[in-house]
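**Student:** Pasting data.tsv here (TSV, N, CA and C atoms):
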chain	number	residue	atom	x	y	z
A	1	MET	N	32.64	-27.61	15.25
A	1	MET	CA	31.67	-26.87	16.04
A	1	MET	C	31.55	-25.43	15.54
A	2	TYR	N	32.71	-24.79	15.25
A	2	TYR	CA	32.71	-23.41	14.79
A	2	TYR	C	31.96	-23.29	13.46
A	3	LYS	N	32.18	-24.25	12.53
A	3	LYS	CA	31.48	-24.24	11.25
A	3	LYS	C	29.98	-24.33	11.45
A	4	TYR	N	29.55	-25.15	12.40
A	4	TYR	CA	28.12	-25.32	12.67
A	4	TYR	C	27.52	-24.01	13.17
A	5	LEU	N	28.18	-23.32	14.09
A	5	LEU	CA	27.68	-22.06	14.62
A	5	LEU	C	27.64	-20.99	13.54
A	6	LEU	N	28.67	-20.94	12.72
A	6	LEU	CA	28.71	-19.96	11.65
A	6	LEU	C	27.59	-20.21	10.64
A	7	THR	N	27.37	-21.47	10.27
A	7	THR	CA	26.31	-21.81	9.34
A	7	THR	C	24.94	-21.48	9.93
A	8	THR	N	24.74	-21.78	11.20
A	8	THR	CA	23.47	-21.47	11.86
A	8	THR	C	23.22	-19.97	11.89
A	9	ALA	N	24.25	-19.19	12.21
A	9	ALA	CA	24.11	-17.74	12.25
A	9	ALA	C	23.80	-17.18	10.87
A	10	MET	N	24.42	-17.72	9.84
A	10	MET	CA	24.15	-17.26	8.48
A	10	MET	C	22.73	-17.59	8.06
A	11	MET	N	22.25	-18.77	8.39
A	11	MET	CA	20.87	-19.17	8.05
A	11	MET	C	19.87	-18.29	8.79
A	12	ALA	N	20.14	-17.97	10.04
A	12	ALA	CA	19.24	-17.12	10.81
A	12	ALA	C	19.15	-15.73	10.21
A	13	ALA	N	20.23	-15.24	9.65
A	13	ALA	CA	20.23	-13.92	9.04
A	13	ALA	C	19.49	-13.91	7.71
A	14	VAL	N	19.53	-15.00	6.96
A	14	VAL	CA	18.92	-15.07	5.63
A	14	VAL	C	17.45	-15.43	5.70
A	15	THR	N	17.02	-16.18	6.67
A	15	THR	CA	15.64	-16.70	6.75
A	15	THR	C	14.58	-15.60	6.71
A	16	PRO	N	14.68	-14.48	7.50
A	16	PRO	CA	13.63	-13.46	7.41
A	16	PRO	C	13.50	-12.86	6.03
A	17	VAL	N	14.61	-12.64	5.34
A	17	VAL	CA	14.56	-12.08	3.98
A	17	VAL	C	13.88	-13.07	3.03
A	18	ALA	N	14.23	-14.33	3.13
A	18	ALA	CA	13.62	-15.34	2.27
A	18	ALA	C	12.13	-15.48	2.57
A	19	ALA	N	11.76	-15.43	3.83
A	19	ALA	CA	10.35	-15.55	4.21
A	19	ALA	C	9.56	-14.37	3.66
A	20	HIS	N	10.13	-13.16	3.73
A	20	HIS	CA	9.45	-11.98	3.21
A	20	HIS	C	9.25	-12.10	1.70
A	21	ALA	N	10.27	-12.52	0.99
A	21	ALA	CA	10.16	-12.68	-0.46
A	21	ALA	C	9.12	-13.74	-0.82
A	22	GLN	N	9.10	-14.83	-0.06
A	22	GLN	CA	8.14	-15.90	-0.31
A	22	GLN	C	6.71	-15.42	-0.05
A	23	ASN	N	6.49	-14.63	1.00
A	23	ASN	CA	5.16	-14.10	1.30
A	23	ASN	C	4.67	-13.17	0.20
A	24	GLU	N	5.57	-12.39	-0.40
A	24	GLU	CA	5.17	-11.47	-1.45
A	24	GLU	C	4.76	-12.20	-2.72
A	25	GLU	N	5.37	-13.33	-3.01
A	25	GLU	CA	5.09	-14.07	-4.23
A	25	GLU	C	3.92	-15.04	-4.09
A	26	ARG	N	3.56	-15.41	-2.88
A	26	ARG	CA	2.51	-16.39	-2.64
A	26	ARG	C	1.15	-15.81	-3.01
A	27	GLN	N	0.36	-16.57	-3.74
A	27	GLN	CA	-1.00	-16.17	-4.10
A	27	GLN	C	-1.93	-16.44	-2.91
A	28	ILE	N	-2.75	-15.46	-2.59
A	28	ILE	CA	-3.67	-15.56	-1.46
A	28	ILE	C	-5.08	-15.38	-2.01
A	29	ALA	N	-6.03	-16.15	-1.50
A	29	ALA	CA	-7.43	-16.00	-1.90
A	29	ALA	C	-8.03	-14.85	-1.10
A	30	PHE	N	-8.38	-13.76	-1.79
A	30	PHE	CA	-8.98	-12.60	-1.14
A	30	PHE	C	-10.47	-12.55	-1.45
A	31	ASP	N	-11.25	-12.17	-0.46
A	31	ASP	CA	-12.69	-11.96	-0.61
A	31	ASP	C	-13.04	-10.73	0.21
A	32	ILE	N	-12.92	-9.56	-0.42
A	32	ILE	CA	-13.13	-8.29	0.27
A	32	ILE	C	-14.36	-7.62	-0.33
A	33	ALA	N	-15.32	-7.32	0.52
A	33	ALA	CA	-16.57	-6.72	0.07
A	33	ALA	C	-16.38	-5.26	-0.31
A	34	ALA	N	-17.22	-4.78	-1.23
A	34	ALA	CA	-17.22	-3.37	-1.58
A	34	ALA	C	-17.68	-2.58	-0.37
A	35	GLY	N	-17.16	-1.38	-0.24
A	35	GLY	CA	-17.59	-0.54	0.88
A	35	GLY	C	-16.48	0.38	1.35
A	36	ASP	N	-16.53	0.69	2.63
A	36	ASP	CA	-15.62	1.62	3.27
A	36	ASP	C	-14.16	1.17	3.11
A	37	THR	N	-13.28	2.09	2.73
A	37	THR	CA	-11.87	1.77	2.50
A	37	THR	C	-11.21	1.24	3.77
A	38	ALA	N	-11.49	1.84	4.91
A	38	ALA	CA	-10.88	1.38	6.17
A	38	ALA	C	-11.26	-0.07	6.46
A	39	ASN	N	-12.52	-0.41	6.27
A	39	ASN	CA	-12.96	-1.80	6.49
A	39	ASN	C	-12.30	-2.75	5.50
A	40	ALA	N	-12.15	-2.30	4.25
A	40	ALA	CA	-11.50	-3.13	3.24
A	40	ALA	C	-10.03	-3.37	3.58
A	41	LEU	N	-9.34	-2.34	4.06
A	41	LEU	CA	-7.93	-2.51	4.44
A	41	LEU	C	-7.79	-3.43	5.65
A	42	ASN	N	-8.73	-3.35	6.58
A	42	ASN	CA	-8.71	-4.26	7.73
A	42	ASN	C	-8.96	-5.70	7.29
A	43	ALA	N	-9.89	-5.90	6.33
A	43	ALA	CA	-10.15	-7.24	5.80
A	43	ALA	C	-8.91	-7.75	5.06
A	44	PHE	N	-8.26	-6.88	4.31
A	44	PHE	CA	-7.02	-7.26	3.63
A	44	PHE	C	-5.98	-7.73	4.65
A	45	ALA	N	-5.83	-6.99	5.73
A	45	ALA	CA	-4.84	-7.34	6.76
A	45	ALA	C	-5.13	-8.72	7.35
A	46	ARG	N	-6.40	-8.99	7.64
A	46	ARG	CA	-6.75	-10.31	8.19
A	46	ARG	C	-6.46	-11.42	7.20
A	47	GLN	N	-6.86	-11.22	5.95
A	47	GLN	CA	-6.72	-12.27	4.95
A	47	GLN	C	-5.26	-12.48	4.52
A	48	ALA	N	-4.45	-11.42	4.54
A	48	ALA	CA	-3.04	-11.53	4.17
A	48	ALA	C	-2.17	-11.86	5.38
A	49	GLU	N	-2.78	-11.91	6.56
A	49	GLU	CA	-2.07	-12.20	7.81
A	49	GLU	C	-0.90	-11.25	8.01
A	50	VAL	N	-1.21	-9.96	7.93
A	50	VAL	CA	-0.21	-8.91	8.11
A	50	VAL	C	-0.88	-7.75	8.85
A	51	HIS	N	-0.10	-6.98	9.58
A	51	HIS	CA	-0.61	-5.77	10.22
A	51	HIS	C	-0.52	-4.63	9.22
A	52	VAL	N	-1.56	-3.80	9.14
A	52	VAL	CA	-1.57	-2.66	8.22
A	52	VAL	C	-1.91	-1.42	9.02
A	53	SER	N	-1.06	-0.40	8.94
A	53	SER	CA	-1.37	0.89	9.57
A	53	SER	C	-1.61	1.90	8.46
A	54	PHE	N	-2.60	2.78	8.67
A	54	PHE	CA	-2.93	3.78	7.66
A	54	PHE	C	-3.62	4.95	8.34
A	55	PRO	N	-3.53	6.14	7.73
A	55	PRO	CA	-4.17	7.33	8.31
A	55	PRO	C	-5.67	7.34	8.00
A	56	TYR	N	-6.49	7.14	9.02
A	56	TYR	CA	-7.94	7.10	8.82
A	56	TYR	C	-8.46	8.39	8.20
A	57	ASP	N	-7.92	9.54	8.62
A	57	ASP	CA	-8.42	10.80	8.12
A	57	ASP	C	-8.19	10.96	6.61
A	58	ALA	N	-7.17	10.33	6.07
A	58	ALA	CA	-6.87	10.44	4.64
A	58	ALA	C	-7.87	9.66	3.78
A	59	ILE	N	-8.58	8.70	4.38
A	59	ILE	CA	-9.51	7.88	3.59
A	59	ILE	C	-10.95	8.01	4.08
A	60	ALA	N	-11.21	8.94	4.96
A	60	ALA	CA	-12.56	9.13	5.48
A	60	ALA	C	-13.54	9.35	4.34
A	61	GLY	N	-14.60	8.58	4.33
A	61	GLY	CA	-15.64	8.71	3.31
A	61	GLY	C	-15.32	8.05	1.98
A	62	ARG	N	-14.18	7.45	1.85
A	62	ARG	CA	-13.81	6.80	0.59
A	62	ARG	C	-14.35	5.37	0.55
A	63	LYS	N	-14.62	4.89	-0.64
A	63	LYS	CA	-15.16	3.55	-0.85
A	63	LYS	C	-14.29	2.78	-1.84
A	64	VAL	N	-14.32	1.47	-1.72
A	64	VAL	CA	-13.60	0.60	-2.66
A	64	VAL	C	-14.59	-0.37	-3.28
A	65	GLN	N	-14.21	-0.90	-4.44
A	65	GLN	CA	-14.99	-1.94	-5.09
A	65	GLN	C	-14.62	-3.28	-4.47
A	66	ALA	N	-15.50	-4.24	-4.63
A	66	ALA	CA	-15.21	-5.59	-4.12
A	66	ALA	C	-13.98	-6.15	-4.82
A	67	MET	N	-13.25	-6.96	-4.10
A	67	MET	CA	-12.07	-7.61	-4.67
A	67	MET	C	-12.10	-9.08	-4.27
A	68	ARG	N	-12.28	-9.92	-5.26
A	68	ARG	CA	-12.31	-11.36	-5.03
A	68	ARG	C	-11.38	-12.04	-6.02
A	69	GLY	N	-10.61	-12.98	-5.52
A	69	GLY	CA	-9.71	-13.73	-6.39
A	69	GLY	C	-8.39	-14.01	-5.71
A	70	ARG	N	-7.50	-14.63	-6.44
A	70	ARG	CA	-6.17	-14.98	-5.92
A	70	ARG	C	-5.16	-13.96	-6.44
A	71	PHE	N	-4.49	-13.33	-5.51
A	71	PHE	CA	-3.50	-12.30	-5.83
A	71	PHE	C	-2.31	-12.44	-4.89
A	72	THR	N	-1.16	-11.90	-5.30
A	72	THR	CA	-0.07	-11.76	-4.34
A	72	THR	C	-0.48	-10.65	-3.39
A	73	ARG	N	0.15	-10.61	-2.26
A	73	ARG	CA	-0.15	-9.57	-1.27
A	73	ARG	C	0.07	-8.18	-1.86
A	74	ARG	N	1.14	-8.02	-2.59
A	74	ARG	CA	1.47	-6.72	-3.18
A	74	ARG	C	0.43	-6.30	-4.21
A	75	GLU	N	0.00	-7.23	-5.08
A	75	GLU	CA	-1.00	-6.91	-6.10
A	75	GLU	C	-2.34	-6.57	-5.47
A	76	ALA	N	-2.75	-7.32	-4.47
A	76	ALA	CA	-4.02	-7.05	-3.79
A	76	ALA	C	-4.00	-5.67	-3.14
A	77	LEU	N	-2.91	-5.35	-2.48
A	77	LEU	CA	-2.80	-4.03	-1.84
A	77	LEU	C	-2.80	-2.92	-2.88
A	78	ARG	N	-2.08	-3.13	-3.98
A	78	ARG	CA	-2.06	-2.13	-5.05
A	78	ARG	C	-3.47	-1.86	-5.58
A	79	ARG	N	-4.25	-2.92	-5.76
A	79	ARG	CA	-5.63	-2.75	-6.23
A	79	ARG	C	-6.48	-2.00	-5.22
A	80	LEU	N	-6.30	-2.30	-3.94
A	80	LEU	CA	-7.11	-1.65	-2.91
A	80	LEU	C	-6.81	-0.17	-2.76
A	81	ILE	N	-5.54	0.22	-2.81
A	81	ILE	CA	-5.20	1.62	-2.54
A	81	ILE	C	-5.16	2.48	-3.80
A	82	SER	N	-5.32	1.87	-4.96
A	82	SER	CA	-5.33	2.64	-6.20
A	82	SER	C	-6.47	3.67	-6.16
A	83	GLY	N	-6.12	4.94	-6.34
A	83	GLY	CA	-7.12	6.01	-6.34
A	83	GLY	C	-7.64	6.39	-4.97
A	84	GLN	N	-7.03	5.87	-3.91
A	84	GLN	CA	-7.50	6.15	-2.55
A	84	GLN	C	-6.69	7.23	-1.85
A	85	GLY	N	-5.67	7.76	-2.52
A	85	GLY	CA	-4.85	8.80	-1.90
A	85	GLY	C	-3.84	8.24	-0.90
A	86	LEU	N	-3.50	6.96	-1.05
A	86	LEU	CA	-2.53	6.31	-0.16
A	86	LEU	C	-1.38	5.74	-0.96
A	87	VAL	N	-0.20	5.70	-0.32
A	87	VAL	CA	0.97	5.03	-0.88
A	87	VAL	C	1.61	4.21	0.22
A	88	VAL	N	2.41	3.23	-0.16
A	88	VAL	CA	3.11	2.40	0.82
A	88	VAL	C	4.31	3.19	1.34
A	89	ALA	N	4.35	3.38	2.66
A	89	ALA	CA	5.47	4.07	3.29
A	89	ALA	C	6.59	3.09	3.62
A	90	SER	N	6.21	1.91	4.12
A	90	SER	CA	7.19	0.86	4.41
A	90	SER	C	6.46	-0.48	4.42
A	91	GLU	N	7.24	-1.53	4.21
A	91	GLU	CA	6.65	-2.87	4.13
A	91	GLU	C	7.66	-3.90	4.62
A	92	SER	N	7.18	-4.82	5.44
A	92	SER	CA	8.00	-5.95	5.89
A	92	SER	C	7.13	-7.20	5.80
A	93	ALA	N	7.65	-8.32	6.27
A	93	ALA	CA	6.90	-9.57	6.23
A	93	ALA	C	5.67	-9.52	7.12
A	94	THR	N	5.69	-8.68	8.16
A	94	THR	CA	4.59	-8.66	9.13
A	94	THR	C	3.86	-7.33	9.24
A	95	LEU	N	4.36	-6.26	8.60
A	95	LEU	CA	3.77	-4.94	8.76
A	95	LEU	C	3.83	-4.16	7.46
A	96	ILE	N	2.70	-3.55	7.09
A	96	ILE	CA	2.65	-2.62	5.97
A	96	ILE	C	2.17	-1.30	6.53
A	97	SER	N	2.93	-0.25	6.28
A	97	SER	CA	2.57	1.09	6.73
A	97	SER	C	2.22	1.93	5.52
A	98	LEU	N	1.01	2.50	5.53
A	98	LEU	CA	0.56	3.35	4.43
A	98	LEU	C	0.57	4.80	4.90
A	99	LYS	N	0.71	5.72	3.96
A	99	LYS	CA	0.64	7.14	4.28
A	99	LYS	C	-0.12	7.85	3.17
A	100	ALA	N	-0.56	9.07	3.46
A	100	ALA	CA	-1.27	9.85	2.46
A	100	ALA	C	-0.32	10.16	1.31
A	101	ALA	N	-0.83	10.03	0.10
A	101	ALA	CA	-0.03	10.34	-1.08
A	101	ALA	C	0.22	11.83	-1.14
A	102	PRO	N	1.42	12.25	-1.54
A	102	PRO	CA	1.70	13.68	-1.66
A	102	PRO	C	0.88	14.29	-2.79
A	103	GLU	N	0.52	15.54	-2.63
A	103	GLU	CA	-0.20	16.25	-3.69
A	103	GLU	C	0.77	16.58	-4.79
A	104	ARG	N	0.27	16.58	-6.02
A	104	ARG	CA	1.10	16.92	-7.17
A	104	ARG	C	0.61	18.23	-7.76
A	105	ALA	N	1.51	19.15	-8.00
A	105	ALA	CA	1.15	20.41	-8.65
A	105	ALA	C	1.56	20.32	-10.11
A	106	ILE	N	0.64	20.67	-11.01
A	106	ILE	CA	0.90	20.61	-12.44
A	106	ILE	C	0.76	22.03	-12.99
A	107	PRO	N	1.85	22.65	-13.49
A	107	PRO	CA	1.73	24.00	-14.04
A	107	PRO	C	0.90	23.97	-15.32
A	108	ILE	N	0.12	25.02	-15.53
A	108	ILE	CA	-0.68	25.14	-16.75
A	108	ILE	C	0.23	25.57	-17.88
A	109	ALA	N	0.07	24.97	-19.06
A	109	ALA	CA	0.93	25.24	-20.21
A	109	ALA	C	0.78	26.67	-20.69
A	110	GLY	N	1.83	27.18	-21.35
A	110	GLY	CA	1.76	28.51	-21.95
A	110	GLY	C	2.55	29.54	-21.19
A	111	GLY	N	3.83	29.33	-21.02
A	111	GLY	CA	4.67	30.34	-20.38
A	111	GLY	C	4.65	30.24	-18.87
A	112	GLU	N	4.85	31.39	-18.25
A	112	GLU	CA	4.92	31.50	-16.79
A	112	GLU	C	3.55	31.20	-16.19
A	113	PRO	N	3.44	30.20	-15.31
A	113	PRO	CA	2.13	29.84	-14.78
A	113	PRO	C	1.55	30.93	-13.87
A	114	GLN	N	0.29	31.26	-14.10
A	114	GLN	CA	-0.44	32.20	-13.26
A	114	GLN	C	-1.28	31.44	-12.24
A	115	SER	N	-1.47	30.18	-12.49
A	115	SER	CA	-2.20	29.32	-11.57
A	115	SER	C	-1.67	27.92	-11.74
A	116	GLU	N	-2.09	27.02	-10.86
A	116	GLU	CA	-1.65	25.64	-10.95
A	116	GLU	C	-2.84	24.73	-10.71
A	117	ILE	N	-2.74	23.54	-11.25
A	117	ILE	CA	-3.75	22.53	-11.01
A	117	ILE	C	-3.19	21.59	-9.95
A	118	VAL	N	-3.92	21.39	-8.88
A	118	VAL	CA	-3.50	20.49	-7.82
A	118	VAL	C	-4.37	19.26	-7.89
A	119	VAL	N	-3.75	18.09	-8.05
A	119	VAL	CA	-4.49	16.83	-8.14
A	119	VAL	C	-4.45	16.17	-6.78
A	120	ARG	N	-5.62	15.97	-6.19
A	120	ARG	CA	-5.74	15.30	-4.90
A	120	ARG	C	-6.51	14.03	-5.11
A	121	SER	N	-5.80	12.94	-5.29
A	121	SER	CA	-6.37	11.60	-5.45
A	121	SER	C	-7.68	11.60	-6.22
A	122	GLY	N	-7.59	12.07	-7.43
A	122	GLY	CA	-8.74	11.95	-8.32
A	122	GLY	C	-9.53	13.23	-8.50
A	123	SER	N	-9.44	14.20	-7.58
A	123	SER	CA	-10.18	15.45	-7.74
A	123	SER	C	-9.18	16.54	-8.15
A	124	VAL	N	-9.65	17.51	-8.91
A	124	VAL	CA	-8.77	18.56	-9.43
A	124	VAL	C	-9.23	19.90	-8.88
A	125	CYS	N	-8.29	20.71	-8.38
A	125	CYS	CA	-8.58	22.05	-7.87
A	125	CYS	C	-7.69	23.03	-8.61
A	126	LEU	N	-8.20	24.20	-8.96
A	126	LEU	CA	-7.43	25.25	-9.61
A	126	LEU	C	-7.09	26.30	-8.57
A	127	ASN	N	-5.80	26.50	-8.33
A	127	ASN	CA	-5.34	27.47	-7.35
A	127	ASN	C	-4.64	28.62	-8.08
A	128	SER	N	-4.96	29.87	-7.75
A	128	SER	CA	-4.25	31.02	-8.30
A	128	SER	C	-2.96	31.21	-7.56
A	129	LEU	N	-1.92	31.63	-8.26
A	129	LEU	CA	-0.62	31.84	-7.63
A	129	LEU	C	-0.45	33.28	-7.22
Represent the structure of the file as structure tokens.

**Tutor:**
Amino acid sequence: MYKYLLTTAMMAAVTPVAAHAQNEERQIAFDIAAGDTANALNAFARQAEVHVSFPYDAIAGRKVQAMRGRFTRREALRRLISGQGLVVASESATLISLKAAPERAIPIAGGEPQSEIVVRSGSVCLNSL
């Protein structure tokens, strides 16, 4: 009896991890229309059968290209958020949380920088220091 309970407890602990790994590797047929990024992420969530949270203000006015085909959940999400100013904050079998990508500062070459280039998801701004 003790062996049975121990085996059951071990299987219960391993099953969610195995299910998550299996969901990531499974190919899913996606058919997401071109248009508003928020609508595309919501369509992704429905088709991948996962909840997705993301900051609406970070993607306001952004558009995505259509995405049709069979992809893993991770590959489809990577394609959707590429160039959108979003990164994955956390991910589980049932929830993906996205956040705004951090800004990157790139010093201008040639000694001590007098200004910096700030890259904000595809657009470049020159800031004086």

**Student:** Please, what distance in Å, to one decimal, runs between atom N of Ala58 of chain A and atom CA of Ala100 of chain A?

**Tutor:**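 Rounded to one decimal, the two atoms are 6.9 Å apart.
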
**Student:** Using Å and a single decimal, report how far atom N of Ala101 of chain A sits from atom C of Ala48 of chain A.

**Tutor:** 22.6 Å

**Student:** Between atom C of Pro102 of chain A and atom C of Val87 of chain A, what is the distance, to one decimal in Å?

**Tutor:**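 We find that atom C of Pro102 of chain A and atom C of Val87 of chain A lie 10.5 Å from each other.
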
**Student:** I need the residue nearest Leu98 of chain A from this list: A:Asp31, A:Arg78, A:Pro55, A:Phe44. Use only C-alpha atoms for the distance.

**Tutor:**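 So, comparing all the options, the nearest one is A:Pro55.
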
**Student:** If DSSP is run on the backbone, what residues of segment 27-119 of chain A are alpha helix (DSSP H)? A reply as a PDB file with N, CA and C atoms, in the coordinates of the input would be ideal.

**Tutor:**
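So out07.pdb came out as:
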ATOM      1  N   THR A  37     -13.280   2.090   2.730  1.00  0.00           N
ATOM      2  CA  THR A  37     -11.870   1.770   2.500  1.00  0.00           C
ATOM      3  C   THR A  37     -11.210   1.240   3.770  1.00  0.00           C
ATOM      4  N   ALA A  38     -11.490   1.840   4.910  1.00  0.00           N
ATOM      5  CA  ALA A  38     -10.880   1.380   6.170  1.00  0.00           C
ATOM      6  C   ALA A  38     -11.260  -0.070   6.460  1.00  0.00           C
ATOM      7  N   ASN A  39     -12.520  -0.410   6.270  1.00  0.00           N
ATOM      8  CA  ASN A  39     -12.960  -1.800   6.490  1.00  0.00           C
ATOM      9  C   ASN A  39     -12.300  -2.750   5.500  1.00  0.00           C
ATOM     10  N   ALA A  40     -12.150  -2.300   4.250  1.00  0.00           N
ATOM     11  CA  ALA A  40     -11.500  -3.130   3.240  1.00  0.00           C
ATOM     12  C   ALA A  40     -10.030  -3.370   3.580  1.00  0.00           C
ATOM     13  N   LEU A  41      -9.340  -2.340   4.060  1.00  0.00           N
ATOM     14  CA  LEU A  41      -7.930  -2.510   4.440  1.00  0.00           C
ATOM     15  C   LEU A  41      -7.790  -3.430   5.650  1.00  0.00           C
ATOM     16  N   ASN A  42      -8.730  -3.350   6.580  1.00  0.00           N
ATOM     17  CA  ASN A  42      -8.710  -4.260   7.730  1.00  0.00           C
ATOM     18  C   ASN A  42      -8.960  -5.700   7.290  1.00  0.00           C
ATOM     19  N   ALA A  43      -9.890  -5.900   6.330  1.00  0.00           N
ATOM     20  CA  ALA A  43     -10.150  -7.240   5.800  1.00  0.00           C
ATOM     21  C   ALA A  43      -8.910  -7.750   5.060  1.00  0.00           C
ATOM     22  N   PHE A  44      -8.260  -6.880   4.310  1.00  0.00           N
ATOM     23  CA  PHE A  44      -7.020  -7.260   3.630  1.00  0.00           C
ATOM     24  C   PHE A  44      -5.980  -7.730   4.650  1.00  0.00           C
ATOM     25  N   ALA A  45      -5.830  -6.990   5.730  1.00  0.00           N
ATOM     26  CA  ALA A  45      -4.840  -7.340   6.760  1.00  0.00           C
ATOM     27  C   ALA A  45      -5.130  -8.720   7.350  1.00  0.00           C
ATOM     28  N   ARG A  46      -6.400  -8.990   7.640  1.00  0.00           N
ATOM     29  CA  ARG A  46      -6.750 -10.310   8.190  1.00  0.00           C
ATOM     30  C   ARG A  46      -6.460 -11.420   7.200  1.00  0.00           C
ATOM     31  N   GLN A  47      -6.860 -11.220   5.950  1.00  0.00           N
ATOM     32  CA  GLN A  47      -6.720 -12.270   4.950  1.00  0.00           C
ATOM     33  C   GLN A  47      -5.260 -12.480   4.520  1.00  0.00           C
ATOM     34  N   ALA A  48      -4.450 -11.420   4.540  1.00  0.00           N
ATOM     35  CA  ALA A  48      -3.040 -11.530   4.170  1.00  0.00           C
ATOM     36  C   ALA A  48      -2.170 -11.860   5.380  1.00  0.00           C
ATOM     37  N   TYR A  56      -6.490   7.140   9.020  1.00  0.00           N
ATOM     38  CA  TYR A  56      -7.940   7.100   8.820  1.00  0.00           C
ATOM     39  C   TYR A  56      -8.460   8.390   8.200  1.00  0.00           C
ATOM     40  N   ASP A  57      -7.920   9.540   8.620  1.00  0.00           N
ATOM     41  CA  ASP A  57      -8.420  10.800   8.120  1.00  0.00           C
ATOM     42  C   ASP A  57      -8.190  10.960   6.610  1.00  0.00           C
ATOM     43  N   ALA A  58      -7.170  10.330   6.070  1.00  0.00           N
ATOM     44  CA  ALA A  58      -6.870  10.440   4.640  1.00  0.00           C
ATOM     45  C   ALA A  58      -7.870   9.660   3.780  1.00  0.00           C
ATOM     46  N   ILE A  59      -8.580   8.700   4.380  1.00  0.00           N
ATOM     47  CA  ILE A  59      -9.510   7.880   3.590  1.00  0.00           C
ATOM     48  C   ILE A  59     -10.950   8.010   4.080  1.00  0.00           C
ATOM     49  N   ARG A  73       0.150 -10.610  -2.260  1.00  0.00           N
ATOM     50  CA  ARG A  73      -0.150  -9.570  -1.270  1.00  0.00           C
ATOM     51  C   ARG A  73       0.070  -8.180  -1.860  1.00  0.00           C
ATOM     52  N   ARG A  74       1.140  -8.020  -2.590  1.00  0.00           N
ATOM     53  CA  ARG A  74       1.470  -6.720  -3.180  1.00  0.00           C
ATOM     54  C   ARG A  74       0.430  -6.300  -4.210  1.00  0.00           C
ATOM     55  N   GLU A  75       0.000  -7.230  -5.080  1.00  0.00           N
ATOM     56  CA  GLU A  75      -1.000  -6.910  -6.100  1.00  0.00           C
ATOM     57  C   GLU A  75      -2.340  -6.570  -5.470  1.00  0.00           C
ATOM     58  N   ALA A  76      -2.750  -7.320  -4.470  1.00  0.00           N
ATOM     59  CA  ALA A  76      -4.020  -7.050  -3.790  1.00  0.00           C
ATOM     60  C   ALA A  76      -4.000  -5.670  -3.140  1.00  0.00           C
ATOM     61  N   LEU A  77      -2.910  -5.350  -2.480  1.00  0.00           N
ATOM     62  CA  LEU A  77      -2.800  -4.030  -1.840  1.00  0.00           C
ATOM     63  C   LEU A  77      -2.800  -2.920  -2.880  1.00  0.00           C
ATOM     64  N   ARG A  78      -2.080  -3.130  -3.980  1.00  0.00           N
ATOM     65  CA  ARG A  78      -2.060  -2.130  -5.050  1.00  0.00           C
ATOM     66  C   ARG A  78      -3.470  -1.860  -5.580  1.00  0.00           C
ATOM     67  N   ARG A  79      -4.250  -2.920  -5.760  1.00  0.00           N
ATOM     68  CA  ARG A  79      -5.630  -2.750  -6.230  1.00  0.00           C
ATOM     69  C   ARG A  79      -6.480  -2.000  -5.220  1.00  0.00           C
ATOM     70  N   LEU A  80      -6.300  -2.300  -3.940  1.00  0.00           N
ATOM     71  CA  LEU A  80      -7.110  -1.650  -2.910  1.00  0.00           C
ATOM     72  C   LEU A  80      -6.810  -0.170  -2.760  1.00  0.00           C
ATOM     73  N   ILE A  81      -5.540   0.220  -2.810  1.00  0.00           N
ATOM     74  CA  ILE A  81      -5.200   1.620  -2.540  1.00  0.00           C
ATOM     75  C   ILE A  81      -5.160   2.480  -3.800  1.00  0.00           C
TER      76      ILE A  81
END

**Student:** Within 8 Å of (-12.5, -5.1, 2.2), in the coordinates the file gives, what residues turn up when you count all atoms listed in the file, written out as a list in words?

**Tutor:** Asp31, Ile32, Ala33, Ala34, Gly35, Asp36, Thr37, Ala38, Asn39, Ala40, Leu41, Asn42, Ala43, Phe44, Ala45, Val64, Gln65, Ala66 and Met67 of chain A

**Student:** Centre and edge lengths, as lines of an AutoDock Vina configuration file, for the axis-aligned box enclosing every listed atom of segment 94-102 of chain A with 4 Å of padding on each of the six sides, in Å to one decimal?

**Tutor:**
center_x = 2.2
center_y = 2.8
center_z = 3.2
size_x = 15.0
size_y = 31.0
size_z = 20.0

**Student:** Pick the closest to Thr72 of chain A from A:Gln47, A:Asp57, A:Leu95, A:Glu103: which is it, counting only C-alpha atoms?

**Tutor:**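 Using only C-alpha atoms, the shortest distance to Thr72 of chain A belongs to A:Gln47.
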
**Student:** Using only N, CA and C atoms, find the one residue out of A:Lys63, A:Arg46, A:Arg26, A:His51 that sits nearest to Gln84 of chain A.

**Tutor:**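 Closest residue, counting only N, CA and C atoms: A:Lys63.
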
**Student:** Give me the residues near Arg73 of chain A as a VMD selection string, where near means some atom within 12 Å (using only C-alpha atoms) and where sequence neighbours in that chain fewer than 3 positions away do not count.

**Tutor:** chain A and resid 20 to 30 41 44 to 50 52 69 to 70 76 to 80 91 to 96
